[in-house]
Amino acid sequence: MVQPHTSREVTSHRLGIVGLGVISAAYLDTLAGTESVVITAVADLDAARARSVAAGLPAARALTVAELLASDEVDTVLNLTTPAAHTEIALGALAQGKQVYGEKPLAVTLAEGRSILAATHAGLRVGSAPDTVLGTGIQTARAAIDDGLIGRPVAASAVMVSPGHEFWHPNPDFYYREGGGPLFDMGPYYITALIHLLGPIRSVTGASSRPHENRVIRTGPRAGESIPVFVDTHVTGVLEHDSGALSTITMSFDSTATVASPIEVHGTDGTLAVGDPNTFDGPTSLRRVNDGGFHTLDPLAGYVDGARGIGLLDQIRTPPRAVARANGELALHVLDVMESLQRAATEGRRIDTTTTAERPAPVPLTPRAEWLGAIDSHGRTIRH
Ligand SMILES: NC(=O)c1ccc[n+]([C@@H]2O[C@H](COP(=O)([O-])OP(=O)(O)OC[C@H]3O[C@@H](n4cnc5c(N)ncnc54)[C@H](O)[C@@H]3O)[C@@H](O)[C@H]2O)c1
């Protein structure tokens, strides 16, 4: 799959990117600057957008989606389309023998998510954002828990409130359709983080509401346009982890702001205040039972100065029989938790999840030069 590239055995994994909207710029910032990957193809429903992105990338051609999926110059398809297209693109890539790494959520329904994993033949990987949880923020919190700094973890809270993405995104329609809403859009960051911190989730209960049937776009060329809301926009729940720990979760597009810590984890001996899981760097603070206050921990673990794309680089570098950290099974479990929580809220009952996932391997403290560095023909990072 990987191509020998220079005499010092540097190899570049060949990427084809599908979906060149807002978030693609963040991926290009990371990936266009590393020798580990070479972007050989880009595609979007908007062909002019694909041509304009390809013009800025020395090795990339603008292709149609079908051409990109079939290209023998692509090892992994990076799927940055909107959620409703995630399954179609992932299945198309797998059918052509390509690896896949995609934006969250894995799919808009658990059934679709299962179909993606079912189509994954031996040797092919499916990975999914979020990869923010591999940064020093969540990884330091995890190391603190695993090192026993808060004793036995018993509970956590996760709080994300915002007035809605229509305030900053020029085309926010998809955030208010199936696969969107605060739960499916922002939930992956918080629920993935909770699984890294406290392990898989066995059951959920919840309640949710939808105060507005329409929302008004606040920015860009469509500012002032009203768009319909098809999903609940304030979702609360209780997640019961296999360990017995209980996480309470609030995901809202109907609130202005909060001073709550994005995540807190409470243990028998102390509490951790954990930074925003939609960022890479924390901070993580610890207060033990007899301490007078919280103190910020130095980074203990994680990819330093992380950026979108590290989950993909982690996947590419994971040896054949090992499990990549931002893997499809984890993303499927997160999807199960989200779908079950929304169903529990709608139906007014407790629901057991039907999937599970291992806590991914912890990330040792890894300097940026190392995770961004070139890889050799065995997938090992070359230290410059
Ligand atoms: N915008 C952000 O800040 C952000 C942050 C993190 C994650 N994400 C996730 O990234 C994904 C994309 O978000 P975005 O904000 O970039 O959306 P966007 O609407 O700005 O861009 C999506 C792009 O995908 C293209 N597209 C849609 N369906 C396609 C298909 N079937 N084939 C080819 N191209 C297709 C669209 O033409 C568009 O250019 C979503 O899953 C979102 O949850 C976005």
# chains A, B, ... in the order shown; residues from 1 in each chain; ligands from 1
$ select_by_dssp --residues "region 61-306 of chain A" --states "strand (DSSP E)" --output "MDAnalysis selection string"
chainID A and resid 61:62 76:79 99:102 126:128 153:161 201:209 214:216 226:228 234:241 246:252 263:267 270:274 284:288 295:296
$ closest_atom_pairs --of "region 123-200 of chain A" --to "region 218-221 of chain A" --cutoff "12 Å" --atoms "only C-alpha atoms" --output "JSON lines"
{"residue": "A:Pro163", "atom": "CA", "partner": "A:Arg218", "partner_atom": "CA", "distance": 11.1}
{"residue": "A:Gly164", "atom": "CA", "partner": "A:Arg218", "partner_atom": "CA", "distance": 9.9}
{"residue": "A:His165", "atom": "CA", "partner": "A:Arg218", "partner_atom": "CA", "distance": 9.0}
{"residue": "A:Glu166", "atom": "CA", "partner": "A:Arg218", "partner_atom": "CA", "distance": 5.7}
{"residue": "A:Phe167", "atom": "CA", "partner": "A:Arg218", "partner_atom": "CA", "distance": 4.9}
{"residue": "A:Trp168", "atom": "CA", "partner": "A:Thr219", "partner_atom": "CA", "distance": 6.0}
{"residue": "A:His169", "atom": "CA", "partner": "A:Thr219", "partner_atom": "CA", "distance": 6.8}
{"residue": "A:Pro170", "atom": "CA", "partner": "A:Gly220", "partner_atom": "CA", "distance": 4.9}
{"residue": "A:Asn171", "atom": "CA", "partner": "A:Gly220", "partner_atom": "CA", "distance": 8.2}
{"residue": "A:Pro172", "atom": "CA", "partner": "A:Arg218", "partner_atom": "CA", "distance": 9.7}
$ write_last_selection --atoms "N, CA, C and O atoms" --output "mmCIF file, in the first residue's frame"
data_model
loop_
_atom_site.group_PDB
_atom_site.id
_atom_site.type_symbol
_atom_site.label_atom_id
_atom_site.label_comp_id
_atom_site.auth_asym_id
_atom_site.auth_seq_id
_atom_site.Cartn_x
_atom_site.Cartn_y
_atom_site.Cartn_z
ATOM 1 N N PRO A 163 -25.371 28.640 21.915
ATOM 2 C CA PRO A 163 -26.627 29.138 21.334
ATOM 3 C C PRO A 163 -26.929 28.510 19.977
ATOM 4 O O PRO A 163 -27.995 28.729 19.417
ATOM 5 N N GLY A 164 -25.992 27.722 19.427
ATOM 6 C CA GLY A 164 -26.246 27.040 18.151
ATOM 7 C C GLY A 164 -25.203 27.397 17.109
ATOM 8 O O GLY A 164 -24.649 28.497 17.107
ATOM 9 N N HIS A 165 -24.926 26.450 16.214
ATOM 10 C CA HIS A 165 -23.863 26.651 15.223
ATOM 11 C C HIS A 165 -24.263 27.621 14.110
ATOM 12 O O HIS A 165 -23.418 28.026 13.308
ATOM 13 N N GLU A 166 -25.549 27.998 14.065
ATOM 14 C CA GLU A 166 -25.949 28.975 13.045
ATOM 15 C C GLU A 166 -25.305 30.340 13.292
ATOM 16 O O GLU A 166 -25.344 31.220 12.433
ATOM 17 N N PHE A 167 -24.702 30.526 14.480
ATOM 18 C CA PHE A 167 -24.046 31.804 14.773
ATOM 19 C C PHE A 167 -22.704 31.934 14.060
ATOM 20 O O PHE A 167 -22.191 33.029 13.900
ATOM 21 N N TRP A 168 -22.082 30.789 13.661
ATOM 22 C CA TRP A 168 -20.757 30.902 13.028
ATOM 23 C C TRP A 168 -20.617 30.109 11.732
ATOM 24 O O TRP A 168 -19.741 30.379 10.929
ATOM 25 N N HIS A 169 -21.479 29.081 11.515
ATOM 26 C CA HIS A 169 -21.311 28.255 10.309
ATOM 27 C C HIS A 169 -22.194 28.801 9.190
ATOM 28 O O HIS A 169 -23.380 29.052 9.401
ATOM 29 N N PRO A 170 -21.620 28.995 7.964
ATOM 30 C CA PRO A 170 -22.416 29.601 6.889
ATOM 31 C C PRO A 170 -23.516 28.697 6.333
ATOM 32 O O PRO A 170 -24.492 29.183 5.771
ATOM 33 N N ASN A 171 -23.360 27.357 6.507
ATOM 34 C CA ASN A 171 -24.365 26.397 6.011
ATOM 35 C C ASN A 171 -24.730 25.425 7.140
ATOM 36 O O ASN A 171 -24.400 24.239 7.079
ATOM 37 N N PRO A 172 -25.429 25.905 8.167
ATOM 38 C CA PRO A 172 -25.615 25.079 9.371
ATOM 39 C C PRO A 172 -26.777 24.090 9.276
ATOM 40 O O PRO A 172 -27.068 23.397 10.274
#
$ closest_residue --among "A:Ala66, A:Ala257, A:Leu91, A:Ala361" --to "Ser115 (chain A)" --atoms "only C-alpha atoms"
A:Leu91
$ closest_atom_pairs --of "chain A" --to "ligand 1" --cutoff "9 Å" --atoms "only C-alpha atoms and all ligand atoms" --output "Markdown table"
| residue | atom | partner | partner_atom_place_in_ligand_line | distance |
| --- | --- | --- | --- | --- |
| A:Val18 | CA | ligand 1 | 33 (C) | 5.5 |
| A:Gly19 | CA | ligand 1 | 24 (O) | 3.5 |
| A:Leu20 | CA | ligand 1 | 39 (O) | 4.4 |
| A:Gly21 | CA | ligand 1 | 21 (O) | 3.1 |
| A:Val22 | CA | ligand 1 | 16 (O) | 3.7 |
| A:Ile23 | CA | ligand 1 | 16 (O) | 3.9 |
| A:Ser24 | CA | ligand 1 | 16 (O) | 5.8 |
| A:Ala25 | CA | ligand 1 | 16 (O) | 8.3 |
| A:Ala26 | CA | ligand 1 | 3 (O) | 8.6 |
| A:Ala43 | CA | ligand 1 | 33 (C) | 6.2 |
| A:Asp44 | CA | ligand 1 | 34 (N) | 3.7 |
| A:Leu45 | CA | ligand 1 | 34 (N) | 4.3 |
| A:Asp46 | CA | ligand 1 | 37 (O) | 5.3 |
| A:Ala47 | CA | ligand 1 | 37 (O) | 8.6 |
| A:Arg49 | CA | ligand 1 | 39 (O) | 7.2 |
| A:Ala50 | CA | ligand 1 | 39 (O) | 8.5 |
| A:Thr64 | CA | ligand 1 | 33 (C) | 8.1 |
| A:Val65 | CA | ligand 1 | 33 (C) | 5.9 |
| A:Asn79 | CA | ligand 1 | 11 (C) | 8.0 |
| A:Leu80 | CA | ligand 1 | 11 (C) | 4.9 |
| A:Thr81 | CA | ligand 1 | 24 (O) | 3.7 |
| A:Thr82 | CA | ligand 1 | 40 (C) | 4.3 |
| A:Pro83 | CA | ligand 1 | 41 (O) | 4.6 |
| A:Ala84 | CA | ligand 1 | 28 (N) | 7.4 |
| A:Ala85 | CA | ligand 1 | 31 (N) | 4.9 |
| A:His86 | CA | ligand 1 | 41 (O) | 7.5 |
| A:Glu88 | CA | ligand 1 | 31 (N) | 7.3 |
| A:Ile89 | CA | ligand 1 | 31 (N) | 6.8 |
| A:Gly102 | CA | ligand 1 | 41 (O) | 7.8 |
| A:Glu103 | CA | ligand 1 | 41 (O) | 4.8 |
| A:Lys104 | CA | ligand 1 | 41 (O) | 5.0 |
| A:Pro105 | CA | ligand 1 | 41 (O) | 6.2 |
| A:Leu106 | CA | ligand 1 | 41 (O) | 8.3 |
| A:Ala107 | CA | ligand 1 | 41 (O) | 8.9 |
| A:Ala129 | CA | ligand 1 | 7 (C) | 7.7 |
| A:Pro130 | CA | ligand 1 | 7 (C) | 7.7 |
| A:His165 | CA | ligand 1 | 1 (N) | 9.0 |
| A:His169 | CA | ligand 1 | 1 (N) | 6.9 |
| A:Pro170 | CA | ligand 1 | 20 (O) | 7.7 |
| A:Asn171 | CA | ligand 1 | 19 (O) | 5.9 |
| A:Pro172 | CA | ligand 1 | 19 (O) | 7.3 |
| A:Asp173 | CA | ligand 1 | 19 (O) | 8.5 |
| A:Phe174 | CA | ligand 1 | 19 (O) | 7.5 |
| A:Tyr175 | CA | ligand 1 | 43 (O) | 7.8 |
| A:Gly179 | CA | ligand 1 | 43 (O) | 8.5 |
| A:Gly180 | CA | ligand 1 | 43 (O) | 7.5 |
| A:Phe184 | CA | ligand 1 | 43 (O) | 8.3 |
| A:Asp185 | CA | ligand 1 | 43 (O) | 5.6 |
| A:Met186 | CA | ligand 1 | 43 (O) | 8.1 |
| A:Asn278 | CA | ligand 1 | 6 (C) | 8.1 |
| A:Arg308 | CA | ligand 1 | 6 (C) | 8.5 |
$ write_last_selection --atoms "C-alpha atoms" --output "mmCIF file, in the first residue's frame"
data_model
loop_
_atom_site.group_PDB
_atom_site.id
_atom_site.type_symbol
_atom_site.label_atom_id
_atom_site.label_comp_id
_atom_site.auth_asym_id
_atom_site.auth_seq_id
_atom_site.Cartn_x
_atom_site.Cartn_y
_atom_site.Cartn_z
ATOM 1 C CA VAL A 18 -13.686 13.683 0.038
ATOM 2 C CA GLY A 19 -15.539 16.759 1.343
ATOM 3 C CA LEU A 20 -13.745 20.111 1.235
ATOM 4 C CA GLY A 21 -15.868 22.334 3.460
ATOM 5 C CA VAL A 22 -15.141 24.260 6.658
ATOM 6 C CA ILE A 23 -13.283 21.548 8.597
ATOM 7 C CA SER A 24 -11.099 20.462 5.662
ATOM 8 C CA ALA A 25 -8.890 23.526 6.205
ATOM 9 C CA ALA A 26 -7.886 22.271 9.665
ATOM 10 C CA ALA A 43 -13.174 15.488 -4.420
ATOM 11 C CA ASP A 44 -16.317 17.376 -3.519
ATOM 12 C CA LEU A 45 -19.848 17.603 -4.897
ATOM 13 C CA ASP A 46 -18.724 21.114 -5.759
ATOM 14 C CA ALA A 47 -16.150 20.397 -8.499
ATOM 15 C CA ARG A 49 -14.057 23.698 -4.839
ATOM 16 C CA ALA A 50 -12.123 20.508 -5.529
ATOM 17 C CA THR A 64 -15.060 13.091 -8.990
ATOM 18 C CA VAL A 65 -16.015 11.137 -5.874
ATOM 19 C CA ASN A 79 -14.094 11.443 4.630
ATOM 20 C CA LEU A 80 -14.904 15.039 5.591
ATOM 21 C CA THR A 81 -18.400 15.182 4.145
ATOM 22 C CA THR A 82 -21.491 16.110 6.140
ATOM 23 C CA PRO A 83 -22.912 13.334 8.353
ATOM 24 C CA ALA A 84 -25.636 12.165 5.938
ATOM 25 C CA ALA A 85 -22.930 11.187 3.405
ATOM 26 C CA HIS A 86 -20.557 9.457 5.839
ATOM 27 C CA GLU A 88 -22.133 6.117 1.490
ATOM 28 C CA ILE A 89 -18.545 7.374 1.171
ATOM 29 C CA GLY A 102 -13.871 9.996 8.693
ATOM 30 C CA GLU A 103 -15.281 12.912 10.566
ATOM 31 C CA LYS A 104 -17.794 12.295 13.322
ATOM 32 C CA PRO A 105 -20.338 10.937 13.783
ATOM 33 C CA LEU A 106 -19.399 7.581 12.215
ATOM 34 C CA ALA A 107 -22.881 7.513 10.625
ATOM 35 C CA ALA A 129 -12.896 11.504 14.677
ATOM 36 C CA PRO A 130 -12.796 12.852 17.300
ATOM 37 C CA HIS A 165 -23.863 26.651 15.223
ATOM 38 C CA HIS A 169 -21.311 28.255 10.309
ATOM 39 C CA PRO A 170 -22.416 29.601 6.889
ATOM 40 C CA ASN A 171 -24.365 26.397 6.011
ATOM 41 C CA PRO A 172 -25.615 25.079 9.371
ATOM 42 C CA ASP A 173 -28.594 23.105 7.964
ATOM 43 C CA PHE A 174 -26.968 19.716 8.660
ATOM 44 C CA TYR A 175 -26.611 20.528 12.359
ATOM 45 C CA GLY A 179 -27.032 13.076 12.547
ATOM 46 C CA GLY A 180 -26.849 16.638 13.917
ATOM 47 C CA PHE A 184 -24.822 13.817 17.521
ATOM 48 C CA ASP A 185 -22.651 16.813 16.654
ATOM 49 C CA MET A 186 -20.920 17.587 19.964
ATOM 50 C CA ASN A 278 -13.249 19.612 21.404
ATOM 51 C CA ARG A 308 -7.014 17.585 13.550
#
$ atom_distance --atom1 "CA of Gly123 (chain A)" --atom2 "CA of Ala90 (chain A)"
15.3 Å
$ atom_distance --atom1 "CA of Ala55 (chain A)" --atom2 "CA of Val37 (chain A)"
17.5 Å
$ residues_around --residues "Thr296 (chain A)" --least-positions-apart "3" --cutoff "8 Å" --atoms "only C-alpha atoms" --output "PyMOL selection string"
chain A and resi 283-286
